[in-house]
Each structure stands twice: as C-alpha cells, then as structure tokens.
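Data block for final-v1.txt (compact mmCIF, C-alpha atoms):
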# COMPACT_ATOMS: atom_id res chain seq x y z
CA MET A 75 5.01 -9.19 -21.40
CA ILE A 76 7.05 -6.54 -19.61
CA TYR A 77 8.73 -3.94 -21.78
CA GLN A 78 11.80 -2.04 -20.65
CA GLU A 79 11.87 1.61 -21.66
CA LYS A 80 14.14 4.56 -20.99
CA ILE A 81 12.01 7.64 -20.49
CA ASP A 82 13.68 10.96 -19.87
CA GLY A 83 16.70 9.23 -18.40
CA TYR A 84 14.77 6.82 -16.14
CA ASN A 85 14.59 3.07 -16.65
CA ILE A 86 10.92 2.12 -16.53
CA ALA A 87 9.30 -1.30 -16.80
CA MET A 88 6.03 -1.10 -18.71
CA ILE A 89 2.89 -3.15 -19.20
CA ARG A 90 1.43 -2.13 -22.54
CA ASP A 91 -2.32 -2.60 -22.59
CA ASP A 92 -2.28 -0.18 -25.51
CA LEU A 93 -1.15 -3.28 -27.44
CA PHE A 94 -3.82 -5.53 -25.94
CA PRO A 95 -4.97 -7.58 -28.94
CA TYR A 96 -8.73 -7.16 -28.73
CA LEU A 97 -11.29 -4.51 -29.66
CA TYR A 98 -8.46 -2.06 -30.49
CA GLY A 99 -6.73 -2.36 -27.17
CA GLY A 100 -6.50 -0.58 -23.85
CA ASN A 101 -7.73 -1.48 -20.40
CA LYS A 102 -11.36 -1.30 -21.50
CA ALA A 103 -10.73 -4.01 -24.09
CA ARG A 104 -9.18 -6.18 -21.39
CA LYS A 105 -12.24 -5.62 -19.21
CA SER A 106 -14.54 -6.50 -22.10
CA ILE A 107 -13.35 -10.10 -21.98
CA GLU A 108 -15.02 -10.45 -18.59
CA TYR A 109 -18.24 -8.90 -19.90
CA GLU A 110 -18.13 -11.30 -22.82
CA ILE A 111 -17.86 -14.23 -20.42
CA GLU A 112 -20.71 -12.91 -18.27
CA MET A 113 -22.97 -12.16 -21.23
CA THR A 114 -22.43 -15.54 -22.87
CA LYS A 115 -22.72 -17.53 -19.66
CA HIS A 116 -26.08 -16.04 -18.67
CA GLY A 117 -27.65 -15.55 -22.09
CA TYR A 118 -27.73 -11.75 -22.21
CA ASP A 119 -28.33 -10.29 -25.66
CA ALA A 120 -28.24 -6.50 -25.15
CA MET A 121 -25.96 -4.03 -23.39
CA VAL A 122 -26.54 -0.61 -21.89
CA THR A 123 -23.68 1.63 -20.78
CA THR A 124 -22.49 5.22 -20.52
CA GLY A 125 -19.46 7.42 -21.00
CA GLY A 126 -17.99 10.58 -22.46
CA ILE A 127 -17.71 11.42 -26.15
CA GLN A 128 -14.24 9.87 -26.48
CA SER A 129 -14.88 7.03 -24.04
CA ASN A 130 -12.62 4.02 -24.62
CA HIS A 131 -15.11 2.02 -22.57
CA CYS A 132 -18.04 2.83 -24.86
CA ARG A 133 -15.94 1.96 -27.92
CA ALA A 134 -15.02 -1.44 -26.48
CA ILE A 135 -18.61 -2.24 -25.48
CA ALA A 136 -20.03 -1.18 -28.86
CA LEU A 137 -17.51 -3.32 -30.73
CA LEU A 138 -18.06 -6.28 -28.39
CA ALA A 139 -21.80 -6.05 -29.00
CA ALA A 140 -21.22 -5.84 -32.76
CA LYS A 141 -19.04 -8.95 -32.68
CA HIS A 142 -21.82 -11.01 -31.06
CA HIS A 143 -24.77 -9.29 -32.79
CA TRP A 144 -26.03 -8.05 -29.45
CA ASP A 145 -28.07 -4.86 -29.22
CA CYS A 146 -26.24 -1.95 -27.60
CA HIS A 147 -27.38 1.42 -26.32
CA ILE A 148 -25.00 4.10 -25.05
CA VAL A 149 -25.99 7.07 -22.91
CA TYR A 150 -23.46 9.82 -23.60
CA HIS A 151 -22.77 12.86 -21.48
CA GLY A 152 -21.29 15.45 -23.80
CA ASP A 153 -21.88 17.37 -27.01
CA ARG A 154 -23.77 15.61 -29.82
CA GLU A 155 -22.04 17.58 -32.58
CA ARG A 156 -18.64 16.72 -31.21
CA PHE A 157 -19.57 13.03 -31.20
CA LEU A 158 -20.83 13.17 -34.77
CA THR A 159 -17.72 14.89 -36.14
CA GLU A 160 -14.72 13.60 -34.18
CA GLY A 161 -12.59 10.58 -35.03
CA GLY A 162 -11.09 8.13 -32.54
CA ASN A 163 -13.50 6.31 -30.26
CA ALA A 164 -16.49 8.32 -31.44
CA LYS A 165 -15.94 7.30 -35.05
CA LEU A 166 -15.59 3.64 -34.12
CA VAL A 167 -18.87 3.69 -32.18
CA ARG A 168 -20.61 5.43 -35.09
CA SER A 169 -19.40 2.59 -37.31
CA THR A 170 -21.36 0.01 -35.29
CA ALA A 171 -25.09 -0.60 -34.98
CA ALA A 172 -25.14 0.79 -31.43
CA THR A 173 -27.81 3.35 -30.67
CA TYR A 174 -27.03 6.36 -28.51
CA GLU A 175 -28.44 9.43 -26.84
CA PHE A 176 -26.99 12.53 -25.21
CA VAL A 177 -28.03 13.71 -21.75
CA SER A 178 -26.76 15.81 -18.88
CA ALA A 179 -24.79 14.11 -16.11
CA SER A 180 -27.79 14.20 -13.80
CA GLU A 181 -29.92 12.28 -16.31
CA ILE A 182 -27.53 9.37 -16.95
CA SER A 183 -28.99 6.92 -14.44
CA THR A 184 -32.58 7.62 -15.50
CA SER A 185 -31.72 7.22 -19.17
CA MET A 186 -29.85 3.95 -18.63
CA ASN A 187 -32.71 2.50 -16.61
CA ARG A 188 -35.15 3.55 -19.32
CA ALA A 189 -33.05 1.80 -21.96
CA MET A 190 -32.95 -1.37 -19.84
CA ILE A 191 -36.75 -1.34 -19.52
CA GLN A 192 -37.16 -0.74 -23.25
CA PHE A 193 -34.91 -3.65 -24.17
CA ALA A 194 -36.77 -5.92 -21.76
CA SER A 195 -40.14 -4.87 -23.18
CA ASN A 196 -38.84 -5.85 -26.63
CA GLY A 197 -38.05 -9.36 -25.41
CA LYS A 198 -34.34 -8.77 -24.85
CA LYS A 199 -32.24 -9.72 -21.83
CA PRO A 200 -30.14 -6.57 -21.27
CA TYR A 201 -26.97 -6.27 -19.23
CA TYR A 202 -26.24 -3.03 -17.36
CA VAL A 203 -22.56 -2.07 -17.69
CA THR A 204 -21.43 0.63 -15.28
CA GLY A 205 -19.56 3.50 -16.93
CA GLY A 206 -15.83 2.91 -17.24
CA GLY A 207 -16.19 -0.74 -16.31
CA HIS A 208 -16.51 0.19 -12.66
CA ASP A 209 -18.13 -3.08 -11.65
CA LEU A 210 -17.20 -6.62 -10.70
CA PRO A 211 -16.20 -7.89 -14.18
CA GLY A 212 -14.03 -4.80 -14.67
CA GLY A 213 -12.23 -5.41 -11.40
CA ILE A 214 -11.81 -9.12 -11.99
CA ALA A 215 -10.13 -8.39 -15.32
CA TYR A 216 -7.26 -6.67 -13.51
CA VAL A 217 -6.97 -9.24 -10.77
CA ASN A 218 -6.38 -11.70 -13.60
CA ALA A 219 -3.98 -9.29 -15.31
CA VAL A 220 -1.88 -9.09 -12.15
CA ARG A 221 -1.67 -12.87 -12.04
CA GLU A 222 -0.17 -12.76 -15.53
CA LEU A 223 2.26 -10.02 -14.46
CA VAL A 224 3.39 -11.86 -11.35
CA GLN A 225 4.01 -15.03 -13.32
CA VAL A 226 6.34 -13.11 -15.65
CA LEU A 227 8.09 -11.39 -12.75
CA ARG A 228 8.74 -14.72 -11.05
CA GLU A 229 9.99 -16.31 -14.26
CA GLN A 230 12.41 -13.42 -14.76
CA GLY A 231 13.36 -13.08 -11.11
CA LYS A 232 12.28 -9.44 -11.04
CA LYS A 233 10.75 -7.30 -8.32
CA ILE A 234 8.49 -4.28 -8.69
CA ASP A 235 8.41 -1.69 -5.92
CA ARG A 236 5.82 0.61 -7.39
CA ILE A 237 3.16 0.54 -10.12
CA PHE A 238 1.87 3.78 -11.68
CA LEU A 239 -1.27 4.10 -13.79
CA PRO A 240 -4.03 6.56 -14.74
CA CYS A 241 -6.93 6.61 -12.29
CA GLY A 242 -10.35 7.40 -13.75
CA THR A 243 -13.17 5.42 -12.18
CA GLY A 244 -10.66 3.56 -9.99
CA SER A 245 -11.67 0.03 -10.97
CA THR A 246 -8.41 -0.77 -12.76
CA GLN A 247 -6.37 0.40 -9.79
CA ALA A 248 -8.59 -1.55 -7.39
CA GLY A 249 -8.18 -4.71 -9.44
CA ILE A 250 -4.41 -4.37 -9.38
CA ILE A 251 -4.37 -3.79 -5.61
CA VAL A 252 -6.51 -6.86 -4.91
CA GLY A 253 -4.55 -8.91 -7.41
CA LEU A 254 -1.25 -8.07 -5.73
CA TYR A 255 -2.73 -8.98 -2.35
CA LEU A 256 -3.89 -12.36 -3.63
CA GLU A 257 -0.40 -12.99 -5.01
CA GLY A 258 1.22 -12.09 -1.68
CA LEU A 259 2.96 -8.95 -2.99
CA LEU A 260 1.92 -6.76 -0.10
CA ASP A 261 4.86 -4.36 -0.35
CA THR A 262 4.26 -3.26 -3.94
CA GLU A 263 2.64 0.18 -4.00
CA VAL A 264 0.04 1.12 -6.59
CA VAL A 265 0.01 4.83 -7.36
CA GLY A 266 -2.96 6.16 -9.30
CA ILE A 267 -2.56 9.45 -11.14
CA SER A 268 -6.05 10.94 -11.19
CA VAL A 269 -7.12 12.14 -14.63
CA ALA A 270 -10.36 13.85 -13.58
CA ARG A 271 -11.39 13.66 -9.92
CA ASN A 272 -9.97 15.47 -6.93
CA LYS A 273 -8.05 13.30 -4.52
CA GLN A 274 -10.80 13.00 -1.90
CA ARG A 275 -13.43 11.81 -4.38
CA ALA A 276 -11.02 9.52 -6.21
CA MET A 277 -9.91 7.96 -2.93
CA GLU A 278 -13.51 7.41 -1.79
CA VAL A 279 -14.61 5.70 -5.00
CA THR A 280 -11.49 3.58 -5.45
CA THR A 281 -11.35 2.50 -1.80
CA ALA A 282 -15.03 1.51 -1.85
CA PHE A 283 -14.41 -0.62 -4.91
CA VAL A 284 -11.36 -2.27 -3.36
CA ILE A 285 -13.56 -3.29 -0.43
CA ASP A 286 -16.29 -4.68 -2.73
CA LEU A 287 -13.77 -6.58 -4.84
CA ALA A 288 -12.08 -7.96 -1.73
CA LYS A 289 -15.42 -9.34 -0.55
CA HIS A 290 -15.81 -11.16 -3.85
CA TYR A 291 -12.52 -12.94 -3.18
CA SER A 292 -13.41 -13.53 0.51
CA ILE A 293 -10.64 -11.20 1.71
CA SER A 294 -11.33 -9.83 5.19
CA ASP A 295 -8.13 -7.82 5.73
CA ASP A 296 -9.16 -4.26 6.72
CA ASN A 297 -5.68 -2.99 5.84
CA LEU A 298 -6.27 -3.63 2.16
CA ALA A 299 -8.33 -0.46 1.79
CA LYS A 300 -5.36 1.51 3.10
CA LYS A 301 -3.33 0.47 0.05
CA VAL A 302 -5.04 3.04 -2.17
CA ILE A 303 -2.63 5.82 -3.18
CA ILE A 304 -3.84 8.57 -5.51
CA SER A 305 -2.31 11.87 -6.61
CA ASP A 306 -4.42 14.69 -8.03
CA ASP A 307 -1.43 16.98 -8.62
CA PHE A 308 -1.61 16.48 -12.37
CA LEU A 309 -5.22 17.25 -13.24
CA PHE A 310 -4.30 20.44 -15.10
CA GLY A 311 -7.89 21.63 -14.90
CA GLY A 312 -9.73 18.31 -15.11
CA TYR A 313 -10.77 15.61 -17.55
CA GLU A 314 -9.26 15.99 -21.05
CA GLN A 315 -7.34 19.05 -19.86
CA THR A 316 -3.58 19.48 -20.17
CA THR A 317 -0.86 22.14 -20.51
CA PRO A 318 1.68 23.11 -23.21
CA VAL A 319 4.47 21.84 -20.94
CA VAL A 320 2.92 18.36 -20.77
CA LYS A 321 2.16 18.32 -24.50
CA ASN A 322 5.72 19.24 -25.40
CA TRP A 323 7.17 16.71 -22.95
CA LEU A 324 5.00 13.93 -24.34
CA THR A 325 5.95 14.86 -27.89
CA GLU A 326 9.59 14.27 -27.01
CA VAL A 327 8.76 10.99 -25.24
CA ILE A 328 6.87 9.72 -28.28
CA ARG A 329 9.74 10.68 -30.57
CA SER A 330 12.29 8.92 -28.40
CA THR A 331 10.28 5.74 -27.67
CA GLY A 332 7.82 5.29 -30.52
CA ILE A 333 5.06 4.74 -27.94
CA ILE A 334 1.89 6.85 -28.18
CA PHE A 335 0.66 8.57 -25.04
CA ASP A 336 -2.51 10.67 -25.07
CA THR A 337 -3.01 13.71 -22.86
CA THR A 338 -6.29 12.45 -21.36
CA TYR A 339 -5.15 9.21 -19.74
CA SER A 340 -1.80 7.52 -20.24
CA GLY A 341 0.19 10.67 -21.05
CA LYS A 342 -1.12 12.54 -18.05
CA ALA A 343 -0.25 9.58 -15.82
CA LEU A 344 3.19 9.13 -17.39
CA TYR A 345 4.01 12.77 -16.73
CA GLY A 346 2.76 12.44 -13.16
CA MET A 347 4.88 9.33 -12.62
CA HIS A 348 7.95 11.10 -13.97
CA GLU A 349 7.45 14.07 -11.66
CA LEU A 350 6.82 11.88 -8.59
CA ILE A 351 9.89 9.75 -9.27
CA LYS A 352 11.97 12.88 -9.53
CA LYS A 353 10.42 14.53 -6.48
CA ASN A 354 10.72 11.47 -4.22
CA ASN A 355 14.03 10.21 -5.60
CA TRP A 356 12.44 6.92 -6.65
CA LYS A 357 14.64 6.64 -9.74
CA GLY A 358 16.69 3.82 -8.20
CA ASP A 359 13.56 1.79 -7.43
CA ASN A 360 11.90 -0.82 -9.62
CA ASN A 361 9.12 1.30 -11.09
CA LEU A 362 6.49 -0.01 -13.51
CA PHE A 363 4.10 2.03 -15.63
CA TRP A 364 0.84 0.36 -16.63
CA HIS A 365 -0.01 1.84 -20.02
CA THR A 366 -3.81 1.58 -20.14
CA GLY A 367 -4.14 2.73 -23.74
CA GLY A 368 -5.49 5.94 -25.22
CA ILE A 369 -4.38 5.90 -28.85
CA MET A 370 -7.96 6.50 -29.97
CA ASN A 371 -8.03 9.63 -27.80
CA PHE A 372 -4.75 10.65 -29.43
CA LEU A 373 -6.35 10.24 -32.86
CA SER A 374 -9.60 12.01 -32.05

Would you put the structure from the file into structure tokens?
Amino acid sequence: MIYQEKIDGYNIAMIRDDLFPYLYGGNKARKSIEYEIEMTKHGYDAMVTTGGIQSNHCRAIALLAAKHHWDCHIVYHGDRERFLTEGGNAKLVRSTAATYEFVSASEISTSMNRAMIQFASNGKKPYYVTGGGHDLPGGIAYVNAVRELVQVLREQGKKIDRIFLPCGTGSTQAGIIVGLYLEGLLDTEVVGISVARNKQRAMEVTTAFVIDLAKHYSISDDNLAKKVIISDDFLFGGYEQTTPVVKNWLTEVIRSTGIIFDTTYSGKALYGMHELIKKNNWKGDNNLFWHTGGIMNFLS
C-alpha cells in the first residue's frame, strides 16, 4: 500500500514498513520472512547473528527463533549495561530465550564462528545470519517488495521518479535497485541516506551487494552497479547521532502526521530527503520515502 503524506509542505508518497505486520515491523521483519523460508526449507534449527544494542535486526531474528523454538545466539557490539537496562529492541530480545554476548567490533567474526561450532557440536544445524540482513535472503526480500510496489503503481497509474530510504548495511537499497531493474523501471533513482558510514564505504559495500544480488538473478548489465546513489551529508556525527535541529523538526513532523520517525534510521533519512528535495528543487517530482521502521529505537 502506498500512503500519501504532506510533510513540511511537500507531497510525499510513502511505503510504511514500520507497519509491516510481522515481528513488530520494519525492514528487518520483512527480511525475516526470507530467513524463515530458508531455515524451514533446509532444516536449520539454530541461528547466529550480530548487531548493535538497539538492533532491529537482532530483535527480528530473536523473535523469529522464539516463534519456531529455534536456538538463537546474538553477538553484540556495545555496552552490556545499556543492553540490560534499555527498552525497545533490547527489551524485546531479553524477553526471548536467545543467548547473547558482548564483544568488540574486531571480535565479532570470531565470536560468531565460535557460536556456530558450539551449536554444531551440540547436534544443532545452525544458520549464520550476516548482521543487518546483509546477505542473499535480505536482498531477495526487497526485490520481492519492489514487485509488490510496482504492481500497486501500475494499478493506480502512478510513476515514481525517486525513492529515498535510510542506508545502513546497504542490502535494502541494493534489493530495491535490483527489483526496479527486473521490473524495467530503469529511470527510477534510489537515494540512500547513510545513517552511519561515510559515502565511500557505503558506496563500496552497497555496490558490491548489488553486483552479488544481480548475479543471483542472472543479470549481467554492468551499468546496474552505477545506480547506487548515497548521501552522507546527514550523519551528524555517526550512528545513533543527531542534532537538536533534526530532533525539533521530527517532533513537528510527528505531530502533523501521526507517524513515528526515530533519529537513528527513518528520521535521519526523512530529514535528508527533505533537504535534498529542497536543495535540488525536486518538489515537483514524484518522490517516495521508504519508511523502514524504527519505532523500537524511538521507544528505547
């Protein structure tokens, strides 16, 4: 479903994955459907993944594992005390049977591999889920999501010139880019607003994933990798960082729309979209914002 919103005077079409009806919503819940298919199809019965203290991805994986009575182990990078005391995603994970540990960023890979070996030694068949859903099932989820979007657009006779969304690991953006290509919408731009990485790193990771996902769909067009557009002008210091100006602006947006935007993901991207539309005079274009969720971050 495409929602029509008026945000700070601009007419914006919106996909609301914050309302996605599974595992408390967001793009990570949408991706979890593909993990569920993969796990069930191949008989996996344990999951290992990683993320930050308020990771939407870790919340979705922990709840998915709880639903199916699968074992789950999460390798966190962040402060243990913060995890044990905050609400939002952290509280939801604490409510499940998932086990977890806290390591430095440099120890994540080693710790995840160790957990995989431990599960296997206990007779389990564990599935390794890359942080943020930055793997094939995560990308496929958004190729499928674009198919749903395009069907609605065609039914309504609408055209989208530009799609904006938060860019974290880049897998959601890559899935949208490949999905648009498969649907023949080669002129629709996909603009990622980076929430953590500088532009060079974000471009490298997202472009590499576009190429990998394209191979999965037997796409050999070298120009597809050139479709990646990312802005790092709205980092405001990095992951989970913001400014009073952004906070105040989002407060007014929430009051005028009734839609929750957090300052880590969706709110940061919404602000970036607004500024880019204004700067580039895109206000007369058909702009769409892909709300990837974040209410649990808002409630943390």

Within 9 Å of Glu263 of chain A, counting only C-alpha atoms, which residues qualify if same-chain residues fewer than 6 places away don't, as a PDB file with C-alpha atoms, in the coordinates of the input?
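So the final result, stored in result.pdb, reads:
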ATOM      1  CA  ILE A 234       8.490  -4.280  -8.690  1.00  0.00           C
ATOM      2  CA  ASP A 235       8.410  -1.690  -5.920  1.00  0.00           C
ATOM      3  CA  ARG A 236       5.820   0.610  -7.390  1.00  0.00           C
ATOM      4  CA  ILE A 237       3.160   0.540 -10.120  1.00  0.00           C
ATOM      5  CA  PHE A 238       1.870   3.780 -11.680  1.00  0.00           C
ATOM      6  CA  ILE A 251      -4.370  -3.790  -5.610  1.00  0.00           C
ATOM      7  CA  LYS A 301      -3.330   0.470   0.050  1.00  0.00           C
ATOM      8  CA  VAL A 302      -5.040   3.040  -2.170  1.00  0.00           C
ATOM      9  CA  ILE A 303      -2.630   5.820  -3.180  1.00  0.00           C
TER      10      ILE A 303
END

Mind pulling up the distance from atom CA of Gln225 of chain A to atom CA of Leu260 of chain A?
-> 15.7 Å

Tell me, as a list in words, which residues lie within 9 Å of Phe176 of chain A, counting all atoms listed in the file; anything in the same chain fewer than 3 positions away does not count.
-> Ile148, Val149, Tyr150, His151, Gly152, Asp153, Arg154 and Ile182 of chain A

Save out the residues we just selected, C-alpha atoms, as an mmCIF file, in the coordinates of the input.
data_model
loop_
_atom_site.group_PDB
_atom_site.id
_atom_site.type_symbol
_atom_site.label_atom_id
_atom_site.label_comp_id
_atom_site.auth_asym_id
_atom_site.auth_seq_id
_atom_site.Cartn_x
_atom_site.Cartn_y
_atom_site.Cartn_z
ATOM 1 C CA ILE A 148 -25.000 4.100 -25.050
ATOM 2 C CA VAL A 149 -25.990 7.070 -22.910
ATOM 3 C CA TYR A 150 -23.460 9.820 -23.600
ATOM 4 C CA HIS A 151 -22.770 12.860 -21.480
ATOM 5 C CA GLY A 152 -21.290 15.450 -23.800
ATOM 6 C CA ASP A 153 -21.880 17.370 -27.010
ATOM 7 C CA ARG A 154 -23.770 15.610 -29.820
ATOM 8 C CA ILE A 182 -27.530 9.370 -16.950
#

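Reported to one decimal place, the separation of atom CA of Ala172 of chain A from atom CA of Asp209 of chain A is 21.3 Å.
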
Skip Val264 of chain A itself and residues of its chain fewer than 3 positions away, then list as a PyMOL selection string all residues within 12 Å of it, counting all atoms listed in the file.
-> chain A and resi 220+234-241+244+246-255+259-261+267+280+298-305+347+361-364

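Considering the residues A:Met370, A:His143, A:Ser268, A:Asp296 and counting all atoms listed in the file, Tyr345 of chain A has its shortest atom-to-atom contact with A:Ser268.
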
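Between atom CA of Ser180 of chain A and atom CA of Ser129 of chain A the interatomic distance comes to 18.0 Å.
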
Kindly provide, as JSON, the centre and edge lengths (Å, one decimal) of an axis-aligned box around all atoms of segment 149-161 of chain A given in the file, with 3 Å on each side.
{"center_x": -19.3, "center_y": 12.3, "center_z": -28.8, "size_x": 19.4, "size_y": 16.5, "size_z": 20.7}
